[in-house]
Each structure stands twice: as C-alpha cells, then as structure tokens.
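S.K.: What follows is input-v2.cif; its format and atoms are mmCIF, C-alpha atoms.
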data_structure
loop_
_atom_site.label_atom_id
_atom_site.label_comp_id
_atom_site.auth_asym_id
_atom_site.auth_seq_id
_atom_site.Cartn_x
_atom_site.Cartn_y
_atom_site.Cartn_z
CA MET U 3 28.20 -2.55 -17.59
CA LEU U 4 31.96 -2.96 -17.25
CA ARG U 5 33.21 -6.22 -18.72
CA LEU U 6 36.00 -7.94 -16.84
CA ALA U 7 37.82 -11.01 -18.04
CA GLY U 8 39.11 -13.93 -15.98
CA ALA U 9 38.81 -14.84 -12.33
CA ALA U 10 38.55 -11.24 -11.10
CA GLY U 11 35.60 -10.63 -13.37
CA ARG U 12 33.84 -13.82 -12.30
CA ALA U 13 34.39 -13.03 -8.62
CA LEU U 14 32.85 -9.61 -9.08
CA LEU U 15 29.91 -11.03 -10.96
CA GLU U 16 29.31 -13.53 -8.18
CA LEU U 17 28.99 -10.74 -5.64
CA PRO U 18 26.67 -8.31 -7.31
CA ARG U 19 25.59 -5.60 -4.93
CA VAL U 20 23.06 -2.89 -5.24
CA ALA U 21 25.00 0.37 -5.17
CA VAL U 22 23.17 2.66 -2.77
CA ASN U 23 23.62 6.41 -2.46
CA THR U 24 23.10 7.20 1.22
CA GLY U 25 23.87 10.85 0.43
CA VAL U 26 20.24 11.40 -0.59
CA ILE U 27 18.83 10.51 2.85
CA GLY U 28 16.80 13.49 3.94
CA LYS U 29 16.16 14.75 0.42
CA THR U 30 12.66 16.24 0.19
CA TYR U 31 10.77 16.61 -3.08
CA PRO U 32 8.35 19.33 -4.18
CA PRO U 33 4.74 18.64 -3.10
CA ALA U 34 2.34 17.08 -5.60
CA GLU U 35 -1.31 18.09 -5.62
CA TYR U 36 -4.25 15.72 -6.05
CA ALA U 37 -7.89 16.76 -6.46
CA VAL U 38 -10.15 14.06 -5.02
CA GLY U 39 -13.06 13.20 -7.33
CA ARG U 40 -16.33 11.49 -6.45
CA GLU U 41 -16.12 8.93 -9.25
CA LYS U 42 -12.47 8.15 -8.46
CA ILE U 43 -13.45 7.32 -4.89
CA ARG U 44 -16.25 5.07 -6.20
CA GLU U 45 -13.93 3.39 -8.70
CA PHE U 46 -11.33 2.69 -6.01
CA ALA U 47 -13.91 1.56 -3.45
CA LEU U 48 -15.43 -0.90 -5.94
CA ALA U 49 -11.99 -2.22 -7.00
CA VAL U 50 -11.07 -3.10 -3.41
CA GLY U 51 -14.50 -4.53 -2.62
CA GLU U 52 -15.84 -1.83 -0.28
CA THR U 53 -19.58 -2.07 0.30
CA ASN U 54 -20.00 0.74 2.88
CA PRO U 55 -22.42 3.27 1.29
CA LEU U 56 -20.31 6.16 2.68
CA HIS U 57 -17.88 5.44 -0.19
CA LEU U 58 -20.49 4.96 -2.90
CA ASP U 59 -23.65 6.94 -2.18
CA VAL U 60 -23.58 10.75 -1.85
CA ALA U 61 -26.92 10.85 -0.02
CA ALA U 62 -25.76 8.29 2.56
CA ALA U 63 -22.49 10.19 3.07
CA ARG U 64 -24.33 13.51 3.54
CA GLU U 65 -26.81 11.93 5.93
CA ALA U 66 -23.83 10.85 8.04
CA GLY U 67 -22.54 14.42 8.10
CA HIS U 68 -19.95 14.34 5.32
CA ALA U 69 -19.78 16.87 2.50
CA ASP U 70 -19.55 14.13 -0.14
CA VAL U 71 -18.56 10.47 -0.53
CA VAL U 72 -15.78 9.42 1.84
CA ALA U 73 -12.49 7.94 0.62
CA PRO U 74 -11.60 4.52 2.06
CA PRO U 75 -8.39 4.77 4.13
CA MET U 76 -6.32 2.97 1.49
CA PHE U 77 -7.30 5.67 -1.04
CA ALA U 78 -4.15 7.26 0.44
CA VAL U 79 -2.33 5.28 -2.25
CA VAL U 80 -4.15 7.25 -4.96
CA TYR U 81 -3.44 10.74 -3.68
CA SER U 82 0.13 9.87 -2.63
CA PHE U 83 1.34 8.22 -5.86
CA PRO U 84 1.79 11.45 -7.85
CA ALA U 85 4.30 12.58 -5.21
CA LEU U 86 6.01 9.18 -5.07
CA TRP U 87 6.70 8.43 -8.75
CA PRO U 88 9.38 11.13 -9.21
CA VAL U 89 11.18 9.72 -6.16
CA LEU U 90 11.13 6.12 -7.39
CA PHE U 91 12.59 7.30 -10.72
CA ASP U 92 15.03 9.87 -9.29
CA PRO U 93 18.42 9.14 -10.94
CA GLU U 94 20.14 10.39 -7.78
CA ILE U 95 18.60 7.44 -5.92
CA GLY U 96 19.03 5.13 -8.89
CA ILE U 97 16.47 2.42 -8.13
CA ASP U 98 16.41 -0.46 -10.62
CA PHE U 99 12.63 -0.58 -10.84
CA SER U 100 12.62 -4.06 -12.41
CA ARG U 101 14.30 -5.49 -9.29
CA MET U 102 12.24 -3.58 -6.75
CA VAL U 103 9.77 -5.31 -4.43
CA HIS U 104 7.43 -3.56 -2.04
CA ALA U 105 8.52 -4.87 1.35
CA GLY U 106 6.36 -2.97 3.80
CA GLN U 107 3.89 -0.16 4.21
CA GLU U 108 2.58 1.91 7.05
CA PHE U 109 -0.15 4.55 7.02
CA ALA U 110 -1.41 6.69 9.89
CA TRP U 111 -4.63 8.55 9.17
CA GLY U 112 -6.02 11.87 10.37
CA PRO U 113 -9.36 13.42 9.37
CA LEU U 114 -11.32 11.62 6.63
CA VAL U 115 -10.85 12.62 2.99
CA VAL U 116 -14.00 13.35 0.98
CA ALA U 117 -14.67 14.11 -2.68
CA GLY U 118 -13.82 17.74 -3.38
CA ASP U 119 -10.78 17.79 -1.09
CA GLU U 120 -7.46 18.92 -2.53
CA ILE U 121 -4.57 16.98 -1.06
CA SER U 122 -0.95 18.06 -1.16
CA THR U 123 1.65 15.31 -0.58
CA THR U 124 5.32 15.77 0.17
CA VAL U 125 7.75 12.84 0.04
CA SER U 126 11.21 12.63 1.57
CA VAL U 127 13.89 9.95 1.71
CA ALA U 128 13.74 8.54 5.26
CA ASP U 129 16.43 5.88 4.94
CA ILE U 130 18.65 4.04 2.47
CA SER U 131 20.94 1.14 3.35
CA GLU U 132 22.57 -1.93 1.86
CA ARG U 133 22.51 -5.34 3.52
CA ALA U 134 23.63 -8.65 2.03
CA GLY U 135 23.86 -7.09 -1.41
CA ASN U 136 20.28 -5.79 -1.38
CA GLY U 137 19.29 -2.14 -1.27
CA PHE U 138 16.72 -0.99 1.31
CA TYR U 139 14.80 2.21 0.68
CA VAL U 140 12.31 3.89 2.99
CA PHE U 141 10.31 6.91 1.82
CA ALA U 142 8.09 9.04 4.03
CA SER U 143 4.98 10.80 2.73
CA GLU U 144 2.90 13.50 4.38
CA SER U 145 -0.49 14.37 2.89
CA VAL U 146 -2.27 17.56 3.93
CA ASN U 147 -5.78 18.77 3.04
CA GLY U 148 -6.88 22.31 2.18
CA ARG U 149 -7.43 23.12 5.87
CA GLY U 150 -3.82 22.29 6.67
CA GLU U 151 -4.72 19.04 8.44
CA THR U 152 -2.51 15.99 7.95
CA VAL U 153 -4.86 13.36 6.51
CA CYS U 154 -2.22 10.65 6.11
CA SER U 155 1.42 9.95 6.91
CA GLY U 156 3.00 7.04 5.04
CA ARG U 157 6.18 4.99 5.24
CA TRP U 158 6.97 3.10 2.05
CA SER U 159 9.63 0.37 2.34
CA ASN U 160 11.14 -1.14 -0.78
CA ILE U 161 13.88 -3.67 -1.41
CA VAL U 162 15.95 -3.74 -4.58
CA ARG U 163 17.37 -7.23 -4.94
CA GLY U 164 20.99 -7.71 -5.93
CA ALA U 165 21.48 -9.26 -9.37
CA MET F 7 -13.24 -5.11 22.05
CA GLN F 8 -11.09 -6.78 24.65
CA PRO F 9 -7.59 -8.28 24.44
CA GLY F 10 -7.88 -11.77 22.96
CA ASP F 11 -10.98 -10.94 20.89
CA GLU F 12 -10.74 -11.73 17.20
CA ILE F 13 -12.09 -9.44 14.52
CA ALA F 14 -14.48 -11.07 12.05
CA PRO F 15 -12.33 -12.77 9.38
CA LEU F 16 -12.64 -11.36 5.87
CA ALA F 17 -12.43 -13.80 2.94
CA VAL F 18 -12.32 -12.65 -0.66
CA THR F 19 -11.29 -14.26 -3.93
CA PRO F 20 -10.01 -11.65 -6.39
CA ASP F 21 -11.23 -12.51 -9.87
CA LYS F 22 -9.05 -12.94 -12.95
CA TYR F 23 -9.26 -9.28 -13.99
CA LEU F 24 -9.06 -7.71 -10.53
CA THR F 25 -5.43 -6.65 -10.97
CA VAL F 26 -6.39 -4.69 -14.10
CA ARG F 27 -9.20 -2.87 -12.29
CA TYR F 28 -7.01 -2.17 -9.27
CA ALA F 29 -4.22 -0.89 -11.56
CA GLY F 30 -6.67 1.59 -13.08
CA ALA F 31 -8.18 2.56 -9.76
CA SER F 32 -4.85 3.04 -7.99
CA GLY F 33 -2.62 4.26 -10.83
CA ASP F 34 -0.05 1.47 -10.37
CA PHE F 35 0.41 -0.09 -13.83
CA ASN F 36 3.54 -2.13 -13.08
CA PRO F 37 3.31 -4.86 -15.78
CA ILE F 38 3.99 -7.67 -13.27
CA HIS F 39 0.36 -7.10 -12.17
CA ILE F 40 -1.36 -6.86 -15.56
CA ASP F 41 0.75 -8.63 -18.20
CA GLU F 42 0.93 -12.43 -17.92
CA GLN F 43 3.82 -12.79 -20.39
CA PHE F 44 5.88 -10.04 -18.78
CA ALA F 45 5.34 -11.52 -15.32
CA GLN F 46 6.54 -14.94 -16.51
CA GLN F 47 9.55 -13.39 -18.24
CA VAL F 48 10.74 -11.95 -14.92
CA GLY F 49 10.38 -15.30 -13.18
CA LEU F 50 6.95 -15.02 -11.60
CA PRO F 51 4.30 -17.74 -11.94
CA GLY F 52 2.08 -15.18 -13.66
CA ARG F 53 0.44 -11.86 -12.86
CA ILE F 54 0.52 -11.18 -9.12
CA LEU F 55 -1.71 -9.08 -6.90
CA HIS F 56 -0.65 -5.57 -5.92
CA GLY F 57 0.59 -5.71 -2.33
CA LEU F 58 -1.40 -2.56 -1.64
CA TYR F 59 -4.59 -4.29 -2.87
CA THR F 60 -4.00 -7.05 -0.34
CA MET F 61 -3.30 -4.40 2.31
CA ALA F 62 -6.64 -2.80 1.36
CA GLN F 63 -8.34 -6.11 2.27
CA VAL F 64 -6.65 -5.98 5.68
CA ALA F 65 -7.81 -2.37 6.05
CA ARG F 66 -11.38 -3.34 5.05
CA ALA F 67 -11.54 -6.10 7.65
CA HIS F 68 -10.69 -3.47 10.26
CA THR F 69 -13.02 -0.70 9.09
CA ASP F 70 -15.80 -3.32 8.99
CA ALA F 71 -14.90 -4.35 12.55
CA GLY F 72 -14.48 -0.76 13.75
CA GLY F 73 -17.73 0.56 12.30
CA GLY F 74 -16.50 2.68 9.39
CA PRO F 75 -13.57 4.31 7.58
CA GLY F 76 -12.90 6.78 10.42
CA SER F 77 -12.21 3.98 12.88
CA LEU F 78 -8.88 2.93 11.34
CA LYS F 79 -6.13 5.25 12.55
CA ARG F 80 -3.00 3.30 11.64
CA LEU F 81 -2.04 0.17 9.70
CA SER F 82 1.44 -1.20 9.29
CA VAL F 83 2.21 -4.33 7.23
CA GLN F 84 5.05 -6.37 5.79
CA PHE F 85 4.61 -8.07 2.43
CA ARG F 86 5.98 -11.60 1.95
CA GLY F 87 5.93 -13.74 -1.14
CA MET F 88 3.21 -12.91 -3.60
CA GLY F 89 -0.56 -12.91 -3.86
CA LEU F 90 -2.29 -14.52 -6.82
CA PRO F 91 -5.59 -13.73 -8.55
CA GLU F 92 -8.32 -16.41 -8.39
CA HIS F 93 -7.11 -17.71 -5.02
CA GLU F 94 -8.88 -16.89 -1.77
CA LEU F 95 -7.40 -14.31 0.60
CA VAL F 96 -8.28 -14.57 4.30
CA VAL F 97 -7.66 -11.67 6.70
CA THR F 98 -7.62 -12.34 10.43
CA GLY F 99 -6.79 -10.21 13.44
CA LYS F 100 -6.63 -10.45 17.20
CA VAL F 101 -6.90 -7.61 19.71
CA VAL F 102 -3.72 -7.39 21.79
CA SER F 103 -4.56 -4.29 23.82
CA ALA F 104 -7.50 -1.96 24.33
CA GLN F 105 -6.97 1.22 26.30
CA ASP F 106 -7.50 4.97 26.05
CA GLY F 107 -10.14 4.38 23.39
CA VAL F 108 -7.81 2.59 20.99
CA ALA F 109 -7.58 -1.13 20.24
CA VAL F 110 -4.34 -2.52 18.84
CA VAL F 111 -4.94 -5.50 16.57
CA GLU F 112 -2.28 -7.95 15.39
CA CYS F 113 -3.37 -9.07 11.96
CA GLY F 114 -2.33 -10.68 8.71
CA CYS F 115 -3.50 -12.14 5.43
CA GLU F 116 -3.13 -15.72 4.21
CA GLN F 117 -3.46 -17.29 0.79
CA ASN F 118 -3.13 -21.04 0.15
CA GLY F 119 -1.81 -21.46 3.70
CA LYS F 120 0.96 -18.87 3.23
CA ARG F 121 1.01 -15.66 5.19
CA ILE F 122 1.50 -13.05 2.47
CA ILE F 123 0.97 -10.15 4.88
CA ARG F 124 2.62 -10.62 8.22
CA ASN F 125 3.82 -8.64 11.23
CA ALA F 126 0.85 -6.40 10.63
CA GLU F 127 -0.65 -4.15 13.27
CA ALA F 128 -3.72 -1.94 13.21
CA GLU F 129 -5.03 0.74 15.56
CA LEU F 130 -8.80 1.03 15.76
CA LEU F 131 -10.79 3.72 17.54
CA LEU F 132 -13.07 2.19 20.16
CA SER F 133 -15.41 5.17 20.44
CA ASP F 134 -18.86 5.20 18.88
CA VAL F 135 -18.10 5.47 15.19
CA SER F 136 -21.42 4.27 13.83
CA SER F 137 -21.75 7.34 11.59
CA ARG F 138 -18.18 7.42 10.40
#
Just dump the structure as structure tokens.
M.R.:
Amino acid sequence: MLRLAGAAGRALLELPRVAVNTGVIGKTYPPAEYAVGREKIREFALAVGETNPLHLDVAAAREAGHADVVAPPMFAVVYSFPALWPVLFDPEIGIDFSRMVHAGQEFAWGPLVVAGDEISTTVSVADISERAGNGFYVFASESVNGRGETVCSGRWSNIVRGA
Amino acid sequence: MQPGDEIAPLAVTPDKYLTVRYAGASGDFNPIHIDEQFAQQVGLPGRILHGLYTMAQVARAHTDAGGGPGSLKRLSVQFRGMGLPEHELVVTGKVVSAQDGVAVVECGCEQNGKRIIRNAEAELLLSDVSSR
C-alpha cells in the first residue's frame, strides 16, 4: 500500500474505496464439471436437516420414479461452487475475500438432480459497481445436466466493504 | 394455497458443530464459519452460520409446504446481519399470489427477533407433487 504523509495522506485514508474493475462485466469462465454422488446428497441433506426420504433412501426415491436419491434444491450450492471459486479469486476482479459478505442469492430450478447426474456449471460476471465506497459484485451461474437441461440458474450477490 | 395463507413455520436450532458439518457438506470452509478465534479476530462475535445454510432452511420450509423438492421453482433472498449457532431460526412465509399453477410466497427467517433473511420470495408449484 502506498504510504502518504500529512493531511493528503490522512484524507485519502479516511475515504477508502473498493477499486472495482467494471471492464470484466460479461466475462465468462470455462465450465466446471461436478459428478453428483449418492453419499454427497445424503451428507448435504442431513447437514441442512432434510428428513424427506427422497434425499436419503434409494428405495423410496426409486418408488417415486427417480433413478436414485434426489438432491435437495439447495444442493445447487455444491455443484456450482467448483465453477464459482476461480471467479471469486480471479485477480482481474480483485475481490478482497476477507472483506466480502454474501449479500443476496437467487436460484431458479429446472428438472430435479439425482445421484449419478453430471452437472456442468458456467459462471459469468453479471454486474460490478461501486457505491458509497463499497464494491458490489453479481455473478450468474448456469448449471446443465447430461441431457442438456438447465437444472439451476443462480445469481450470487456479494459486497466487498470499503476499509 | 390462496393469497393470505401462511406456510407452516419451520423452527430449527443449529447445534454448536453445525457450521463444521455444513462446511464439509457444502465445500465452503471460510474460517469465519468454523474457527472461533479467527471469527473474533475479524470483529465477529464468534463463528457465524453460512448464509446459504440459513437459505436452505427457507428452502426446506417451502419444499415441506409444497410437497417435495420438485415443488420449489425459484427462491430469492437477501442476507442481513449474521446468524449464530445455538440460537433458534424461524422461517415464515405468506402466499401473495396463486395463479397459473404457481404460488408466490413472501418469506424470511428470524433469529433472536432479527430478520436475518429478508425480502425473500419463493415460487412453489401448486400442482400435485406428492411423488416429487
């Protein structure tokens, strides 16, 4: 960090702003693949307190017409994260991870995801802006199954607080 | 479901080690959720819940109300403040419209009287989803 002496330096330090690079809006990253496992679905379902046997019991899921246990909707987090991490740490975007807070989240779901599915997720930079010294970052994710169906679209909103 | 109807509230108290299990299950190992000392060093009261865990409770209230995981077609939330382990979370929701087979539910999640998920909206399929 640049060190400035005197009043000019203090004035600058009193108005710390998150430097945002709006030039990366629209940037799209290579897809990341995720193979959905039966035990991973169970682990996630138990962690979030799901009790529906469709998530936990293969026989119950098959009886209901599914090929295997069904992922809870919020399992979208699990298959999307591998595509999201490289974006959050992209030096071109330059997020200070230690100052980042998750401000909002939206998911829209298509066909259900079941164990055995292979999901491909692509993330792009939907918006970046700076207001009142804080940086606002919105990332869009699109997750597609092996049949080419969109199983989930996500919008991930993060704020990076000014110092 | 008709406009004005409320979905059944969901109350859950995440235990002391929930954030560790959710970190493993989700893949989000940000130390503010799993390391008490680190969380305090960055000015938090202690380890805080993952926002997406709290959102999963909102989702669960809706899939319970809608009859299964296939009933929830969209969920949008804003996170405010922070959620804490060992304190009760309460999810509530009210139907604001029901047409063309889809109910729109305004919902949120409170902890200790603070709304930690607000401006949240869910879309639930109204069709028979008993097997989904």
S.K.: Check what the PyMOL selection byres ((chain F and resi 11) around 12) selects in the file above and give those residues as a PyMOL selection string.
M.R.: chain F and resi 7-10+12-15+71+98-104+109-113
S.K.: Given the file shown, enumerate the residues that the PyMOL selection byres ((chain U and resi 84) around 12) captures and present them as JSON, numbers by chain.
M.R.: {"U": [31, 32, 33, 34, 35, 36, 37, 78, 79, 80, 81, 82, 83, 85, 86, 87, 88, 89, 90, 91, 121, 122, 123, 124, 125, 143, 145], "F": [32, 33, 34]}
S.K.: Selected by the PyMOL selection byres ((chain U and resi 98) around 12) in the shown coordinates: which residues, as a PyMOL selection string?
M.R.: chain U and resi 19-22+90-97+99-103+136-139+160-165
S.K.: For range 38-44 of chain F, find every residue with an atom within 7 Å (counting only C-alpha atoms), except residues of its own chain fewer than 4 positions away, and show them as a short mmCIF file (atom, residue, chain, number, x, y, z; two decimals) with C-alpha atoms, in the frame of the given file.
M.R.:
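Contents of the output file selection-v4.cif:
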data_model
loop_
_atom_site.label_atom_id
_atom_site.label_comp_id
_atom_site.auth_asym_id
_atom_site.auth_seq_id
_atom_site.Cartn_x
_atom_site.Cartn_y
_atom_site.Cartn_z
CA THR F 25 -5.43 -6.65 -10.97
CA VAL F 26 -6.39 -4.69 -14.10
CA VAL F 48 10.74 -11.95 -14.92
CA GLY F 52 2.08 -15.18 -13.66
CA ARG F 53 0.44 -11.86 -12.86
CA ILE F 54 0.52 -11.18 -9.12
CA LEU F 55 -1.71 -9.08 -6.90
CA HIS F 56 -0.65 -5.57 -5.92
#
S.K.: Between CA of His68 in chain U and CA of Arg80 in chain F, what is the distance in Å, rounded to a tenth?
M.R.: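 Here the two named atoms are 21.2 Å from each other.
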S.K.: If you measure from CA of Val38 in chain U to CA of Val115 in chain U, what distance in Å do you get, rounded to one decimal?
M.R.: 8.2 Å
S.K.: Report, in Å with one decimal, the straight-line distance from CA of Ala29 in chain F to CA of Gly89 in chain F.
M.R.: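 Distance reported for this atom pair: 14.7 Å.
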S.K.: With all atoms listed in the file considered, list every residue of chain U at most 7 Å from chain F, as an mmCIF file with C-alpha atoms, keeping the file's coordinate frame.
M.R.:
data_model
loop_
_atom_site.group_PDB
_atom_site.id
_atom_site.type_symbol
_atom_site.label_atom_id
_atom_site.label_comp_id
_atom_site.auth_asym_id
_atom_site.auth_seq_id
_atom_site.Cartn_x
_atom_site.Cartn_y
_atom_site.Cartn_z
ATOM 1 C CA GLU U 45 -13.930 3.390 -8.700
ATOM 2 C CA PHE U 46 -11.330 2.690 -6.010
ATOM 3 C CA ALA U 49 -11.990 -2.220 -7.000
ATOM 4 C CA VAL U 50 -11.070 -3.100 -3.410
ATOM 5 C CA ALA U 66 -23.830 10.850 8.040
ATOM 6 C CA PRO U 74 -11.600 4.520 2.060
ATOM 7 C CA PRO U 75 -8.390 4.770 4.130
ATOM 8 C CA MET U 76 -6.320 2.970 1.490
ATOM 9 C CA VAL U 79 -2.330 5.280 -2.250
ATOM 10 C CA VAL U 80 -4.150 7.250 -4.960
ATOM 11 C CA HIS U 104 7.430 -3.560 -2.040
ATOM 12 C CA ALA U 105 8.520 -4.870 1.350
ATOM 13 C CA GLY U 106 6.360 -2.970 3.800
ATOM 14 C CA GLN U 107 3.890 -0.160 4.210
ATOM 15 C CA GLU U 108 2.580 1.910 7.050
ATOM 16 C CA PHE U 109 -0.150 4.550 7.020
ATOM 17 C CA ALA U 110 -1.410 6.690 9.890
ATOM 18 C CA TRP U 111 -4.630 8.550 9.170
ATOM 19 C CA GLY U 112 -6.020 11.870 10.370
ATOM 20 C CA LEU U 114 -11.320 11.620 6.630
#
S.K.: Could you give me the axis-aligned bounding box of range 150-155 of chain U, with 8 Å of padding per side, as centre plus edge lengths in Å to one decimal, as lines of an AutoDock Vina configuration file?
M.R.:
center_x = -1.7
center_y = 16.1
center_z = 7.3
size_x = 22.3
size_y = 28.3
size_z = 18.3
S.K.: I need every residue sitting at most 7 Å from the point (15.6, 5.7, 2.4) (coordinates as in the file, only C-alpha atoms considered), written as a ChimeraX atom specification.
M.R.: /U:27,127-130,138-141
S.K.: Would you mind completing range 53-63 of chain F to all heavy atoms and writing the output as a CSV table (one decimal), in the frame of the given file?
M.R.:
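Writing done, so here's out02.csv:
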chain,number,residue,atom,x,y,z
F,53,ARG,N,0.8,-13.2,-13.4
F,53,ARG,CA,0.4,-11.9,-12.9
F,53,ARG,C,0.2,-12.0,-11.4
F,53,ARG,O,-0.4,-13.0,-10.9
F,53,ARG,CB,-0.8,-11.3,-13.5
F,53,ARG,CG,-0.7,-11.0,-15.0
F,53,ARG,CD,-2.0,-10.7,-15.6
F,53,ARG,NE,-3.0,-11.7,-15.3
F,53,ARG,CZ,-4.2,-11.5,-14.9
F,53,ARG,NH1,-4.6,-10.3,-14.6
F,53,ARG,NH2,-5.0,-12.5,-14.6
F,54,ILE,N,0.7,-11.1,-10.6
F,54,ILE,CA,0.5,-11.2,-9.1
F,54,ILE,C,-0.3,-10.0,-8.6
F,54,ILE,O,-0.4,-9.0,-9.3
F,54,ILE,CB,1.9,-11.3,-8.4
F,54,ILE,CG1,2.7,-10.0,-8.6
F,54,ILE,CG2,2.7,-12.5,-8.8
F,54,ILE,CD1,3.9,-9.9,-7.7
F,55,LEU,N,-0.9,-10.2,-7.5
F,55,LEU,CA,-1.7,-9.1,-6.9
F,55,LEU,C,-0.8,-7.9,-6.5
F,55,LEU,O,0.3,-8.1,-6.1
F,55,LEU,CB,-2.5,-9.6,-5.7
F,55,LEU,CG,-3.5,-10.7,-5.8
F,55,LEU,CD1,-4.0,-11.1,-4.5
F,55,LEU,CD2,-4.6,-10.3,-6.8
F,56,HIS,N,-1.3,-6.7,-6.5
F,56,HIS,CA,-0.6,-5.6,-5.9
F,56,HIS,C,-0.6,-5.8,-4.4
F,56,HIS,O,-1.7,-6.1,-3.8
F,56,HIS,CB,-1.4,-4.3,-6.2
F,56,HIS,CG,-1.5,-3.9,-7.6
F,56,HIS,ND1,-2.4,-4.5,-8.5
F,56,HIS,CD2,-0.9,-2.9,-8.3
F,56,HIS,CE1,-2.2,-3.8,-9.7
F,56,HIS,NE2,-1.4,-2.9,-9.6
F,57,GLY,N,0.5,-5.6,-3.8
F,57,GLY,CA,0.6,-5.7,-2.3
F,57,GLY,C,-0.4,-4.8,-1.7
F,57,GLY,O,-1.0,-5.1,-0.7
F,58,LEU,N,-0.5,-3.6,-2.3
F,58,LEU,CA,-1.4,-2.6,-1.6
F,58,LEU,C,-2.9,-2.9,-1.8
F,58,LEU,O,-3.7,-2.5,-1.0
F,58,LEU,CB,-1.1,-1.2,-2.2
F,58,LEU,CG,0.2,-0.6,-1.8
F,58,LEU,CD1,0.6,0.6,-2.6
F,58,LEU,CD2,0.2,-0.2,-0.3
F,59,TYR,N,-3.2,-3.8,-2.8
F,59,TYR,CA,-4.6,-4.3,-2.9
F,59,TYR,C,-4.8,-5.2,-1.7
F,59,TYR,O,-5.9,-5.2,-1.0
F,59,TYR,CB,-4.8,-5.0,-4.2
F,59,TYR,CG,-6.1,-5.9,-4.2
F,59,TYR,CD1,-7.3,-5.3,-4.4
F,59,TYR,CD2,-6.1,-7.2,-3.8
F,59,TYR,CE1,-8.5,-6.0,-4.3
F,59,TYR,CE2,-7.2,-8.0,-3.8
F,59,TYR,CZ,-8.4,-7.4,-4.0
F,59,TYR,OH,-9.6,-8.1,-3.9
F,60,THR,N,-3.9,-6.1,-1.5
F,60,THR,CA,-4.0,-7.0,-0.3
F,60,THR,C,-4.1,-6.3,1.0
F,60,THR,O,-4.9,-6.6,1.9
F,60,THR,CB,-2.8,-8.1,-0.4
F,60,THR,OG1,-2.7,-8.6,-1.7
F,60,THR,CG2,-3.1,-9.2,0.6
F,61,MET,N,-3.2,-5.2,1.1
F,61,MET,CA,-3.3,-4.4,2.3
F,61,MET,C,-4.7,-3.8,2.4
F,61,MET,O,-5.2,-3.6,3.6
F,61,MET,CB,-2.2,-3.3,2.3
F,61,MET,CG,-2.1,-2.5,3.5
F,61,MET,SD,-0.8,-1.2,3.4
F,61,MET,CE,-0.9,-0.4,4.9
F,62,ALA,N,-5.3,-3.4,1.3
F,62,ALA,CA,-6.6,-2.8,1.4
F,62,ALA,C,-7.7,-3.8,1.9
F,62,ALA,O,-8.6,-3.4,2.6
F,62,ALA,CB,-7.1,-2.3,0.0
F,63,GLN,N,-7.4,-5.1,1.7
F,63,GLN,CA,-8.3,-6.1,2.3
F,63,GLN,C,-8.2,-6.2,3.8
F,63,GLN,O,-9.1,-6.3,4.5
F,63,GLN,CB,-8.1,-7.5,1.6
F,63,GLN,CG,-8.3,-7.5,0.1
F,63,GLN,CD,-9.5,-6.7,-0.3
F,63,GLN,OE1,-10.6,-7.0,0.1
F,63,GLN,NE2,-9.3,-5.8,-1.3
